[in-house]
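Have a look at the structure below before the remarks.
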Amino acid sequence: MAPVTVTGAVVAATLSIALLSYFLRKRSAHHKALSPKNPKKGLIDAIGNTPLIRINSLSEATGCEILGKAEFLNPGGSVKDRVAVKIIQEALESGQLVQGGVVTEGSAGSTAISLATVAPAYGCKCHVVIPDDAAIEKSQILEALGATVERVRPVSITHRDHYVNIARRRAFEANEVALKHKRVKHLDAKDVKQINGNTSEVDERSTVFSTDCKGGFFADQFENLANYRAHYEGTGPEIWEQTGGKLHAFVAAAGTGGTVAGVSRFLKEKDPSIECFLVDPPGSGLFNKVTRGVMYTKEEAEGRRLKNPFDTITEGIGINRLTENFKMAELDGAFRGTDMEAVEMSRFLLKNDGLFVGSSSAMNCVGAFRVAQLIGPGHTIVTILCDNGMRHLSKFHNAQYLSQHGLTPSATGLELLRLK
Ligand SMILES: Cc1ncc(COP(=O)(O)O)c(C=O)c1O
């Protein structure tokens, strides 16, 4: 009987081991299925590497492959997330900004929203000066994100109270507050009294910046080339990789010029035959600059013209001065786009592709359509889908607002654009 018992024990042991290893394998497979591959390390890591979407309706209408870089999928909702990250990272690296410091910016919205989104991830704060003609939902978002917001009257860039100039001043003021606080810490009560007696300006400003402020840094998206580098090192290489280098043209509108400059320069360096274009909204001087070499008509003194808020309903694009960022662009030509075309384009994309885009994205798609008309079928054209329509509910996607400006869309297709 003994051998039978031993055999039975061996069989039982083998069976138990097999069963155990089966359950262990099953468990580990279950765990593998649950654990995400390459999780993003925090919010900053989730910025960029946005999908390139084939815009089916426009591709079919033109016979070209029209691709939109879906920047609205960035965590802060726009292409400006990349710029915010690059500006803050470079400032921290150079020591111009320290943790606990405040990043100030003059912005019509998107860059400010991106700065306010990413600043906490770097232990920083955000102060925004915004023109009061920008859609109200933008300042509401900024405040909800914890930024401090100043809404100011739009004036010419040469005016000391242009929103960009105020933002520059605020950074300076934040530095003064930090410096004063540092000094106060090292002085006795008598000295403090003296300083307080002589610093009414700083006292007034300390209502904007608290005494624990560690200094300020002016993001300066228009002139700070970190903006251009964000696109030269990020957006451009991604487009190149996502198309396998097989693209014929790139087109975008410019606000600061960072996107069009960074992407065009990168693509041209890779392949000089890729044609790069600007599409320019009403009221902007860039079309003239690209096509005729002059920014202004004779009547307009350089830099003095106030871009009339009613020149265009598009937001974030169009400008009447040459920025350091735009100067980096390598362009082969430019197109003008109208507000009506942008509105019609946005409704066409929504109806046919389910793409709910903002005004600059719609203008970019007008540009892509123009490029397709120019270079003909069989080409691949890339543009940028900067943000989505939810940021534009009070103006660009508001029927009443559009009707007040004679911009009620009525086209059934792209007939408006085909007339060109
Ligand atoms: C919504 C939106 N789209 C496009 C742009 C233009 O991009 P860039 O500043 O890189 O020229 C901006 C700039 O502020 C923007 O806010």
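Following the order of the structure tokens, chains are lettered A, B, ..., residues in each are numbered from 1, and ligands are numbered from 1.
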* Asked: If we count only C-alpha atoms, what is near A:Ser359 at a cut-off of 9 Å, once residues fewer than 6 positions away on the same chain are taken out, given as a PyMOL selection string?
  -> chain A and resi 313-317+339+342-343+346+386-389+392+396-397
Using the selection just defined, write its residues with N, CA and C atoms as a compact mmCIF listing (two decimals), in the first residue's frame.
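Result file result_15.txt:
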# COMPACT_ATOMS: atom_id res chain seq x y z
N ILE A 313 -13.58 89.06 -35.15
CA ILE A 313 -14.10 88.35 -33.97
C ILE A 313 -13.18 87.20 -33.58
N THR A 314 -12.16 86.95 -34.39
CA THR A 314 -11.23 85.88 -34.02
C THR A 314 -10.41 86.34 -32.82
N GLU A 315 -9.98 85.41 -31.99
CA GLU A 315 -9.23 85.79 -30.78
C GLU A 315 -7.88 85.10 -30.77
N GLY A 316 -6.87 85.88 -30.34
CA GLY A 316 -5.53 85.32 -30.16
C GLY A 316 -4.66 85.39 -31.40
N ILE A 317 -5.26 85.80 -32.53
CA ILE A 317 -4.47 85.88 -33.77
C ILE A 317 -4.60 87.28 -34.38
N ASP A 339 -13.71 86.98 -41.24
CA ASP A 339 -14.46 86.44 -40.11
C ASP A 339 -15.57 85.50 -40.59
N ALA A 342 -14.24 82.18 -41.36
CA ALA A 342 -13.89 81.42 -40.15
C ALA A 342 -15.15 80.86 -39.50
N VAL A 343 -16.20 81.68 -39.44
CA VAL A 343 -17.45 81.22 -38.83
C VAL A 343 -18.02 80.04 -39.64
N SER A 346 -16.03 76.89 -39.16
CA SER A 346 -16.23 76.22 -37.86
C SER A 346 -17.53 75.41 -37.88
N CYS A 386 -5.97 74.91 -32.50
CA CYS A 386 -5.39 75.54 -31.30
C CYS A 386 -6.17 75.31 -30.02
N ASP A 387 -7.48 75.52 -30.08
CA ASP A 387 -8.30 75.27 -28.88
C ASP A 387 -9.70 74.88 -29.33
N ASN A 388 -10.56 74.51 -28.39
CA ASN A 388 -11.89 74.10 -28.82
C ASN A 388 -12.94 75.19 -28.59
N GLY A 389 -14.14 74.92 -29.11
CA GLY A 389 -15.18 75.95 -29.14
C GLY A 389 -15.71 76.37 -27.78
N HIS A 392 -15.26 79.79 -26.51
CA HIS A 392 -15.74 80.85 -27.40
C HIS A 392 -17.27 80.95 -27.40
N PHE A 396 -17.76 83.81 -30.63
CA PHE A 396 -17.64 83.07 -31.89
C PHE A 396 -18.72 81.99 -32.04
N HIS A 397 -19.13 81.40 -30.92
CA HIS A 397 -20.18 80.37 -30.98
C HIS A 397 -21.47 80.87 -30.34
Protein and nucleic acid residues within 9 Å of ligand 1 (only C-alpha atoms and all ligand atoms) as a PDB file with N, CA and C atoms, in the first residue's frame:
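Final file, pocket33.pdb:
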ATOM      1  N   SER A  78      -5.209  74.100 -24.756  1.00  0.00           N
ATOM      2  CA  SER A  78      -4.753  74.793 -25.964  1.00  0.00           C
ATOM      3  C   SER A  78      -3.279  74.569 -26.250  1.00  0.00           C
ATOM      4  N   VAL A  79      -2.904  75.034 -27.434  1.00  0.00           N
ATOM      5  CA  VAL A  79      -1.518  74.962 -27.922  1.00  0.00           C
ATOM      6  C   VAL A  79      -0.557  75.683 -26.968  1.00  0.00           C
ATOM      7  N   LYS A  80      -1.108  76.602 -26.175  1.00  0.00           N
ATOM      8  CA  LYS A  80      -0.272  77.434 -25.311  1.00  0.00           C
ATOM      9  C   LYS A  80       0.273  76.697 -24.096  1.00  0.00           C
ATOM     10  N   VAL A  83       3.909  76.326 -24.542  1.00  0.00           N
ATOM     11  CA  VAL A  83       4.627  77.593 -24.379  1.00  0.00           C
ATOM     12  C   VAL A  83       4.781  77.920 -22.892  1.00  0.00           C
ATOM     13  N   SER A 107      -2.241  88.748 -21.676  1.00  0.00           N
ATOM     14  CA  SER A 107      -2.682  87.761 -22.655  1.00  0.00           C
ATOM     15  C   SER A 107      -4.174  87.883 -22.876  1.00  0.00           C
ATOM     16  N   ALA A 108      -4.571  87.680 -24.145  1.00  0.00           N
ATOM     17  CA  ALA A 108      -6.001  87.696 -24.454  1.00  0.00           C
ATOM     18  C   ALA A 108      -6.667  86.418 -23.987  1.00  0.00           C
ATOM     19  N   GLY A 109      -5.920  85.538 -23.355  1.00  0.00           N
ATOM     20  CA  GLY A 109      -6.600  84.386 -22.768  1.00  0.00           C
ATOM     21  C   GLY A 109      -5.858  83.085 -22.694  1.00  0.00           C
ATOM     22  N   SER A 110      -5.575  82.495 -23.866  1.00  0.00           N
ATOM     23  CA  SER A 110      -5.095  81.112 -23.867  1.00  0.00           C
ATOM     24  C   SER A 110      -3.768  80.926 -23.147  1.00  0.00           C
ATOM     25  N   THR A 111      -2.810  81.808 -23.405  1.00  0.00           N
ATOM     26  CA  THR A 111      -1.505  81.650 -22.760  1.00  0.00           C
ATOM     27  C   THR A 111      -1.654  81.795 -21.261  1.00  0.00           C
ATOM     28  N   ALA A 112      -2.484  82.741 -20.865  1.00  0.00           N
ATOM     29  CA  ALA A 112      -2.707  82.953 -19.442  1.00  0.00           C
ATOM     30  C   ALA A 112      -3.323  81.714 -18.814  1.00  0.00           C
ATOM     31  N   GLN A 221       5.241  86.442 -23.648  1.00  0.00           N
ATOM     32  CA  GLN A 221       5.095  85.468 -24.742  1.00  0.00           C
ATOM     33  C   GLN A 221       5.382  86.053 -26.128  1.00  0.00           C
ATOM     34  N   PHE A 222       5.192  87.364 -26.312  1.00  0.00           N
ATOM     35  CA  PHE A 222       5.410  87.947 -27.643  1.00  0.00           C
ATOM     36  C   PHE A 222       6.892  88.007 -28.005  1.00  0.00           C
ATOM     37  N   ASN A 227       8.990  80.744 -26.345  1.00  0.00           N
ATOM     38  CA  ASN A 227       7.743  80.467 -27.064  1.00  0.00           C
ATOM     39  C   ASN A 227       8.060  79.773 -28.400  1.00  0.00           C
ATOM     40  N   TYR A 228       8.912  80.406 -29.198  1.00  0.00           N
ATOM     41  CA  TYR A 228       9.340  79.815 -30.468  1.00  0.00           C
ATOM     42  C   TYR A 228       9.985  78.435 -30.251  1.00  0.00           C
ATOM     43  N   HIS A 231       7.840  75.336 -29.894  1.00  0.00           N
ATOM     44  CA  HIS A 231       7.327  74.766 -31.144  1.00  0.00           C
ATOM     45  C   HIS A 231       8.442  74.190 -32.011  1.00  0.00           C
ATOM     46  N   ALA A 252      -0.624  78.350 -40.696  1.00  0.00           N
ATOM     47  CA  ALA A 252      -1.213  78.758 -39.412  1.00  0.00           C
ATOM     48  C   ALA A 252      -1.291  80.273 -39.343  1.00  0.00           C
ATOM     49  N   ALA A 253      -2.220  80.741 -38.525  1.00  0.00           N
ATOM     50  CA  ALA A 253      -2.296  82.172 -38.221  1.00  0.00           C
ATOM     51  C   ALA A 253      -1.303  82.469 -37.107  1.00  0.00           C
ATOM     52  N   ALA A 254      -1.032  83.760 -36.889  1.00  0.00           N
ATOM     53  CA  ALA A 254      -0.068  84.127 -35.851  1.00  0.00           C
ATOM     54  C   ALA A 254      -0.662  85.129 -34.880  1.00  0.00           C
ATOM     55  N   GLY A 255      -0.383  84.897 -33.615  1.00  0.00           N
ATOM     56  CA  GLY A 255      -0.707  85.877 -32.573  1.00  0.00           C
ATOM     57  C   GLY A 255       0.606  86.457 -32.092  1.00  0.00           C
ATOM     58  N   THR A 256       1.364  85.630 -31.403  1.00  0.00           N
ATOM     59  CA  THR A 256       2.737  86.016 -31.068  1.00  0.00           C
ATOM     60  C   THR A 256       3.664  85.648 -32.216  1.00  0.00           C
ATOM     61  N   GLY A 257       3.255  84.654 -33.002  1.00  0.00           N
ATOM     62  CA  GLY A 257       4.094  84.132 -34.084  1.00  0.00           C
ATOM     63  C   GLY A 257       4.892  82.910 -33.658  1.00  0.00           C
ATOM     64  N   GLY A 258       4.813  82.542 -32.390  1.00  0.00           N
ATOM     65  CA  GLY A 258       5.608  81.419 -31.884  1.00  0.00           C
ATOM     66  C   GLY A 258       5.359  80.113 -32.627  1.00  0.00           C
ATOM     67  N   THR A 259       4.094  79.787 -32.855  1.00  0.00           N
ATOM     68  CA  THR A 259       3.762  78.508 -33.501  1.00  0.00           C
ATOM     69  C   THR A 259       4.266  78.480 -34.938  1.00  0.00           C
ATOM     70  N   VAL A 260       3.869  79.504 -35.702  1.00  0.00           N
ATOM     71  CA  VAL A 260       4.215  79.494 -37.130  1.00  0.00           C
ATOM     72  C   VAL A 260       5.744  79.568 -37.302  1.00  0.00           C
ATOM     73  N   ALA A 261       6.401  80.279 -36.400  1.00  0.00           N
ATOM     74  CA  ALA A 261       7.862  80.413 -36.503  1.00  0.00           C
ATOM     75  C   ALA A 261       8.560  79.096 -36.154  1.00  0.00           C
ATOM     76  N   GLY A 262       8.224  78.535 -34.990  1.00  0.00           N
ATOM     77  CA  GLY A 262       8.892  77.313 -34.545  1.00  0.00           C
ATOM     78  C   GLY A 262       8.670  76.157 -35.496  1.00  0.00           C
ATOM     79  N   THR A 314     -12.160  86.952 -34.395  1.00  0.00           N
ATOM     80  CA  THR A 314     -11.235  85.877 -34.015  1.00  0.00           C
ATOM     81  C   THR A 314     -10.411  86.342 -32.815  1.00  0.00           C
ATOM     82  N   GLU A 315      -9.983  85.415 -31.994  1.00  0.00           N
ATOM     83  CA  GLU A 315      -9.227  85.786 -30.784  1.00  0.00           C
ATOM     84  C   GLU A 315      -7.877  85.103 -30.768  1.00  0.00           C
ATOM     85  N   GLY A 316      -6.868  85.877 -30.341  1.00  0.00           N
ATOM     86  CA  GLY A 316      -5.526  85.318 -30.157  1.00  0.00           C
ATOM     87  C   GLY A 316      -4.662  85.388 -31.400  1.00  0.00           C
ATOM     88  N   ILE A 317      -5.258  85.800 -32.530  1.00  0.00           N
ATOM     89  CA  ILE A 317      -4.470  85.881 -33.772  1.00  0.00           C
ATOM     90  C   ILE A 317      -4.596  87.276 -34.379  1.00  0.00           C
ATOM     91  N   GLY A 318      -3.591  87.614 -35.201  1.00  0.00           N
ATOM     92  CA  GLY A 318      -3.566  88.924 -35.842  1.00  0.00           C
ATOM     93  C   GLY A 318      -2.834  89.912 -34.968  1.00  0.00           C
ATOM     94  N   ASN A 325       9.356  86.624 -31.887  1.00  0.00           N
ATOM     95  CA  ASN A 325       8.963  85.263 -32.253  1.00  0.00           C
ATOM     96  C   ASN A 325       8.599  85.166 -33.733  1.00  0.00           C
ATOM     97  N   PHE A 326       7.787  86.133 -34.213  1.00  0.00           N
ATOM     98  CA  PHE A 326       7.376  86.072 -35.620  1.00  0.00           C
ATOM     99  C   PHE A 326       8.579  86.199 -36.556  1.00  0.00           C
ATOM    100  N   GLY A 358     -12.324  76.495 -31.867  1.00  0.00           N
ATOM    101  CA  GLY A 358     -12.340  77.935 -31.622  1.00  0.00           C
ATOM    102  C   GLY A 358     -12.031  78.720 -32.882  1.00  0.00           C
ATOM    103  N   SER A 359     -12.014  80.049 -32.740  1.00  0.00           N
ATOM    104  CA  SER A 359     -11.919  80.914 -33.918  1.00  0.00           C
ATOM    105  C   SER A 359     -10.578  80.809 -34.643  1.00  0.00           C
ATOM    106  N   SER A 360      -9.473  80.674 -33.901  1.00  0.00           N
ATOM    107  CA  SER A 360      -8.171  80.609 -34.584  1.00  0.00           C
ATOM    108  C   SER A 360      -8.012  79.280 -35.318  1.00  0.00           C
ATOM    109  N   SER A 361      -8.541  78.202 -34.738  1.00  0.00           N
ATOM    110  CA  SER A 361      -8.481  76.897 -35.427  1.00  0.00           C
ATOM    111  C   SER A 361      -9.284  76.960 -36.719  1.00  0.00           C
ATOM    112  N   ASN A 364      -7.339  78.769 -39.214  1.00  0.00           N
ATOM    113  CA  ASN A 364      -6.262  77.909 -39.718  1.00  0.00           C
ATOM    114  C   ASN A 364      -6.784  76.944 -40.784  1.00  0.00           C
ATOM    115  N   ILE A 384      -2.989  73.723 -37.430  1.00  0.00           N
ATOM    116  CA  ILE A 384      -3.086  73.584 -35.971  1.00  0.00           C
ATOM    117  C   ILE A 384      -4.537  73.805 -35.525  1.00  0.00           C
ATOM    118  N   LEU A 385      -5.032  72.892 -34.703  1.00  0.00           N
ATOM    119  CA  LEU A 385      -6.340  73.090 -34.059  1.00  0.00           C
ATOM    120  C   LEU A 385      -6.036  73.576 -32.640  1.00  0.00           C
ATOM    121  N   CYS A 386      -5.966  74.908 -32.499  1.00  0.00           N
ATOM    122  CA  CYS A 386      -5.385  75.543 -31.300  1.00  0.00           C
ATOM    123  C   CYS A 386      -6.169  75.310 -30.017  1.00  0.00           C
ATOM    124  N   ASP A 387      -7.479  75.517 -30.080  1.00  0.00           N
ATOM    125  CA  ASP A 387      -8.297  75.273 -28.884  1.00  0.00           C
ATOM    126  C   ASP A 387      -9.695  74.876 -29.333  1.00  0.00           C
ATOM    127  N   ASN A 388     -10.560  74.515 -28.388  1.00  0.00           N
ATOM    128  CA  ASN A 388     -11.890  74.098 -28.825  1.00  0.00           C
ATOM    129  C   ASN A 388     -12.937  75.187 -28.592  1.00  0.00           C
ATOM    130  N   ARG A 391     -14.294  77.588 -25.325  1.00  0.00           N
ATOM    131  CA  ARG A 391     -13.713  78.861 -24.868  1.00  0.00           C
ATOM    132  C   ARG A 391     -14.351  80.055 -25.582  1.00  0.00           C
TER     133      ARG A 391
END
Give one line per residue of stretch 216-287 of chain A that approaches stretch 123-146 of chain A to at most 12 Å, naming the two atoms of the closest pair and their distance in Å to one decimal, counting only C-alpha atoms; sort by chain then ascending residue number and deliver it as a Markdown table.
| residue | atom | partner | partner_atom | distance |
| --- | --- | --- | --- | --- |
| A:Gly216 | CA | A:Lys125 | CA | 9.2 |
| A:Phe217 | CA | A:Cys126 | CA | 9.6 |
| A:Phe218 | CA | A:His127 | CA | 9.5 |
| A:Ala219 | CA | A:Cys126 | CA | 9.9 |
| A:Asp220 | CA | A:Val128 | CA | 11.4 |
I need the chosen residues saved as a CSV table (one decimal), in the first residue's frame, with C-alpha atoms.
chain,number,residue,atom,x,y,z
A,216,GLY,CA,8.0,88.0,-10.3
A,217,PHE,CA,8.8,87.0,-13.8
A,218,PHE,CA,7.2,88.5,-16.9
A,219,ALA,CA,6.4,85.6,-19.3
A,220,ASP,CA,6.5,88.0,-22.3
* **Residue contacts of A:Arg170 (12 Å, only C-alpha atoms) excluding same-chain residues fewer than 4 positions away, as a ChimeraX atom specification** => /A:102-106,126-129,148-150,161,163-166,174-177,202,205-209,215-220
Identify, on the basis of only C-alpha atoms, every residue whose closest approach to A:Arg370 does not exceed 10 Å; exclude the query and any residue fewer than 6 positions from it along the same chain; express the result as an mmCIF file with C-alpha atoms, in the first residue's frame.
data_model
loop_
_atom_site.group_PDB
_atom_site.id
_atom_site.type_symbol
_atom_site.label_atom_id
_atom_site.label_comp_id
_atom_site.auth_asym_id
_atom_site.auth_seq_id
_atom_site.Cartn_x
_atom_site.Cartn_y
_atom_site.Cartn_z
ATOM 1 C CA THR A 62 -9.939 69.302 -51.744
ATOM 2 C CA VAL A 251 -0.224 76.834 -42.546
ATOM 3 C CA PHE A 277 2.142 79.854 -45.098
ATOM 4 C CA VAL A 279 -3.268 82.963 -42.781
ATOM 5 C CA ALA A 334 0.298 84.421 -46.862
ATOM 6 C CA PHE A 335 -3.482 84.423 -47.261
ATOM 7 C CA ARG A 336 -6.123 86.663 -45.842
ATOM 8 C CA GLY A 337 -9.108 85.069 -44.119
ATOM 9 C CA ASN A 364 -6.262 77.909 -39.718
ATOM 10 C CA GLY A 376 -3.750 71.329 -55.929
ATOM 11 C CA LEU A 417 -14.415 79.665 -49.709
ATOM 12 C CA ARG A 418 -14.676 78.266 -53.213
ATOM 13 C CA LYS A 420 -11.794 82.816 -54.052
#
* Structure fact -> note - atom CA of A:Pro120 and atom CA of A:His181 are separated by 22.3 Å
* Tell me, which residues of stretch 329-415 of chain A carry DSSP strand (DSSP E), written as an MDAnalysis selection string? -> chainID A and resid 333:336 380:385
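If you look at atom CA of A:Ile47 and atom CA of A:Ala121, they are 12.3 Å away from each other.
Residues within 7 Å of stretch 353-356 of chain A, counting only C-alpha atoms and excluding same-chain residues fewer than 2 positions away, are Ile55, Asn56, Ser57, Leu349, Leu350, Lys351, Asn388 and Gly389 of chain A.
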* Structure fact -> Here atom CA of A:Arg229 and atom CA of A:Leu278 stand apart by 18.5 Å
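Ranking A:Ala46, A:Val152, A:Val382, A:Val371 by their shortest atom-to-atom distance to A:Val118, with only C-alpha atoms included, puts A:Ala46 first.
By only C-alpha atoms, and with residues fewer than 6 positions from A:Leu52 along its chain excluded, the set lying at most 9 Å from it is Leu67, Gly68, Lys69, Ala70, Glu71, Ile239, Gln242, Thr243 and Val382 of chain A.
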Writing out the chosen residues with C-alpha atoms as a short mmCIF file (atom, residue, chain, number, x, y, z; two decimals), in the first residue's frame:
data_model
loop_
_atom_site.label_atom_id
_atom_site.label_comp_id
_atom_site.auth_asym_id
_atom_site.auth_seq_id
_atom_site.Cartn_x
_atom_site.Cartn_y
_atom_site.Cartn_z
CA LEU A 67 -4.35 67.15 -41.09
CA GLY A 68 -5.02 69.13 -37.90
CA LYS A 69 -2.73 68.94 -34.88
CA ALA A 70 -5.23 68.52 -32.05
CA GLU A 71 -3.72 70.97 -29.58
CA ILE A 239 4.45 66.89 -37.00
CA GLN A 242 3.58 61.87 -37.31
CA THR A 243 3.65 62.41 -41.07
CA VAL A 382 -0.87 70.32 -41.85
#
* To do: Would you please give, as a ChimeraX atom specification, all residues of stretch 83-184 of chain A that DSSP assigns to alpha helix (DSSP H) based on the backbone?
  => /A:83-94,110-118,136-144,163-184
Just the selected residues (N, CA and C atoms), exported as a compact mmCIF listing (two decimals), in the first residue's frame, please.
# COMPACT_ATOMS: atom_id res chain seq x y z
N VAL A 83 3.91 76.33 -24.54
CA VAL A 83 4.63 77.59 -24.38
C VAL A 83 4.78 77.92 -22.89
N ALA A 84 3.70 77.71 -22.15
CA ALA A 84 3.74 77.99 -20.70
C ALA A 84 4.82 77.16 -20.02
N VAL A 85 4.87 75.89 -20.37
CA VAL A 85 5.87 74.99 -19.77
C VAL A 85 7.28 75.45 -20.11
N LYS A 86 7.50 75.77 -21.37
CA LYS A 86 8.85 76.15 -21.80
C LYS A 86 9.28 77.46 -21.14
N ILE A 87 8.36 78.43 -21.09
CA ILE A 87 8.69 79.73 -20.49
C ILE A 87 9.06 79.54 -19.01
N ILE A 88 8.24 78.79 -18.29
CA ILE A 88 8.51 78.62 -16.85
C ILE A 88 9.78 77.80 -16.64
N GLN A 89 9.94 76.74 -17.39
CA GLN A 89 11.15 75.91 -17.21
C GLN A 89 12.42 76.71 -17.46
N GLU A 90 12.44 77.48 -18.55
CA GLU A 90 13.64 78.26 -18.86
C GLU A 90 13.90 79.33 -17.79
N ALA A 91 12.81 79.94 -17.29
CA ALA A 91 12.97 80.99 -16.27
C ALA A 91 13.49 80.40 -14.97
N LEU A 92 13.00 79.21 -14.62
CA LEU A 92 13.48 78.56 -13.39
C LEU A 92 14.95 78.17 -13.55
N GLU A 93 15.28 77.64 -14.73
CA GLU A 93 16.67 77.23 -14.97
C GLU A 93 17.64 78.41 -14.90
N SER A 94 17.20 79.55 -15.42
CA SER A 94 18.08 80.73 -15.45
C SER A 94 18.09 81.46 -14.10
N SER A 110 -5.57 82.49 -23.87
CA SER A 110 -5.09 81.11 -23.87
C SER A 110 -3.77 80.93 -23.15
N THR A 111 -2.81 81.81 -23.40
CA THR A 111 -1.50 81.65 -22.76
C THR A 111 -1.65 81.79 -21.26
N ALA A 112 -2.48 82.74 -20.87
CA ALA A 112 -2.71 82.95 -19.44
C ALA A 112 -3.32 81.71 -18.81
N ILE A 113 -4.30 81.12 -19.49
CA ILE A 113 -4.95 79.93 -18.95
C ILE A 113 -3.91 78.80 -18.83
N SER A 114 -3.05 78.68 -19.81
CA SER A 114 -2.01 77.64 -19.75
C SER A 114 -1.01 77.93 -18.63
N LEU A 115 -0.62 79.20 -18.48
CA LEU A 115 0.32 79.54 -17.39
C LEU A 115 -0.33 79.24 -16.04
N ALA A 116 -1.60 79.63 -15.91
CA ALA A 116 -2.30 79.39 -14.64
C ALA A 116 -2.45 77.89 -14.38
N THR A 117 -2.58 77.11 -15.44
CA THR A 117 -2.73 75.65 -15.31
C THR A 117 -1.43 75.01 -14.85
N VAL A 118 -0.31 75.42 -15.46
CA VAL A 118 0.95 74.70 -15.16
C VAL A 118 1.74 75.31 -14.00
N ILE A 136 -15.57 86.70 -21.82
CA ILE A 136 -15.63 86.73 -20.35
C ILE A 136 -15.28 85.36 -19.74
N GLU A 137 -15.61 84.27 -20.47
CA GLU A 137 -15.34 82.95 -19.90
C GLU A 137 -13.85 82.72 -19.67
N LYS A 138 -13.01 83.47 -20.41
CA LYS A 138 -11.57 83.28 -20.23
C LYS A 138 -11.13 83.79 -18.86
N SER A 139 -11.61 84.99 -18.47
CA SER A 139 -11.21 85.46 -17.12
C SER A 139 -11.87 84.65 -16.03
N GLN A 140 -13.07 84.12 -16.31
CA GLN A 140 -13.71 83.25 -15.30
C GLN A 140 -12.87 81.99 -15.08
N ILE A 141 -12.38 81.42 -16.16
CA ILE A 141 -11.54 80.21 -16.05
C ILE A 141 -10.28 80.55 -15.27
N LEU A 142 -9.66 81.69 -15.60
CA LEU A 142 -8.41 82.08 -14.94
C LEU A 142 -8.59 82.21 -13.43
N GLU A 143 -9.68 82.86 -13.05
CA GLU A 143 -9.93 83.03 -11.61
C GLU A 143 -10.18 81.68 -10.96
N ALA A 144 -10.92 80.82 -11.64
CA ALA A 144 -11.18 79.48 -11.09
C ALA A 144 -9.88 78.70 -10.94
N TYR A 163 -2.15 96.14 -21.98
CA TYR A 163 -2.14 95.02 -21.02
C TYR A 163 -0.78 94.33 -20.93
N VAL A 164 -0.04 94.31 -22.01
CA VAL A 164 1.29 93.68 -21.99
C VAL A 164 2.25 94.52 -21.13
N ASN A 165 2.15 95.86 -21.27
CA ASN A 165 3.04 96.74 -20.50
C ASN A 165 2.70 96.70 -19.01
N ILE A 166 1.41 96.59 -18.70
CA ILE A 166 1.03 96.49 -17.28
C ILE A 166 1.59 95.19 -16.70
N ALA A 167 1.49 94.10 -17.46
CA ALA A 167 1.97 92.80 -16.96
C ALA A 167 3.48 92.85 -16.69
N ARG A 168 4.21 93.55 -17.58
CA ARG A 168 5.67 93.69 -17.38
C ARG A 168 5.93 94.42 -16.06
N ARG A 169 5.16 95.50 -15.85
CA ARG A 169 5.30 96.28 -14.62
C ARG A 169 5.01 95.46 -13.38
N ARG A 170 3.99 94.62 -13.50
CA ARG A 170 3.59 93.82 -12.33
C ARG A 170 4.72 92.88 -11.90
N ALA A 171 5.45 92.34 -12.84
CA ALA A 171 6.57 91.44 -12.48
C ALA A 171 7.61 92.23 -11.72
N PHE A 172 7.86 93.44 -12.20
CA PHE A 172 8.83 94.33 -11.54
C PHE A 172 8.37 94.63 -10.11
N GLU A 173 7.08 94.90 -10.00
CA GLU A 173 6.51 95.21 -8.68
C GLU A 173 6.61 94.02 -7.73
N ALA A 174 6.35 92.83 -8.25
CA ALA A 174 6.44 91.61 -7.42
C ALA A 174 7.87 91.45 -6.91
N ASN A 175 8.84 91.78 -7.78
CA ASN A 175 10.24 91.69 -7.35
C ASN A 175 10.53 92.70 -6.25
N GLU A 176 9.94 93.89 -6.39
CA GLU A 176 10.14 94.91 -5.35
C GLU A 176 9.56 94.47 -4.02
N VAL A 177 8.36 93.89 -4.08
CA VAL A 177 7.70 93.41 -2.85
C VAL A 177 8.59 92.35 -2.19
N ALA A 178 9.10 91.42 -3.00
CA ALA A 178 9.94 90.34 -2.45
C ALA A 178 11.21 90.91 -1.84
N LEU A 179 11.78 91.89 -2.54
CA LEU A 179 13.04 92.49 -2.07
C LEU A 179 12.81 93.24 -0.77
N LYS A 180 11.71 93.97 -0.74
CA LYS A 180 11.40 94.75 0.45
C LYS A 180 11.19 93.81 1.64
N HIS A 181 10.47 92.72 1.40
CA HIS A 181 10.18 91.78 2.47
C HIS A 181 11.48 91.15 2.99
N LYS A 182 12.38 90.84 2.05
CA LYS A 182 13.68 90.26 2.42
C LYS A 182 14.44 91.23 3.31
N ARG A 183 14.42 92.52 2.90
CA ARG A 183 15.17 93.55 3.65
C ARG A 183 14.56 93.72 5.04
N VAL A 184 13.22 93.78 5.07
CA VAL A 184 12.52 94.00 6.34
C VAL A 184 12.88 92.93 7.34
* To do: Tell me, as a PyMOL selection string, which residues lie within 7 Å of stretch 286-290 of chain A, counting only C-alpha atoms; anything in the same chain fewer than 3 positions away does not count.
  => chain A and resi 280+293-295+319-320+333-336
* A:Arg347, A:Phe72, A:Thr412, A:Thr235: which is nearest A:Ala399, counting only C-alpha atoms? -> A:Arg347
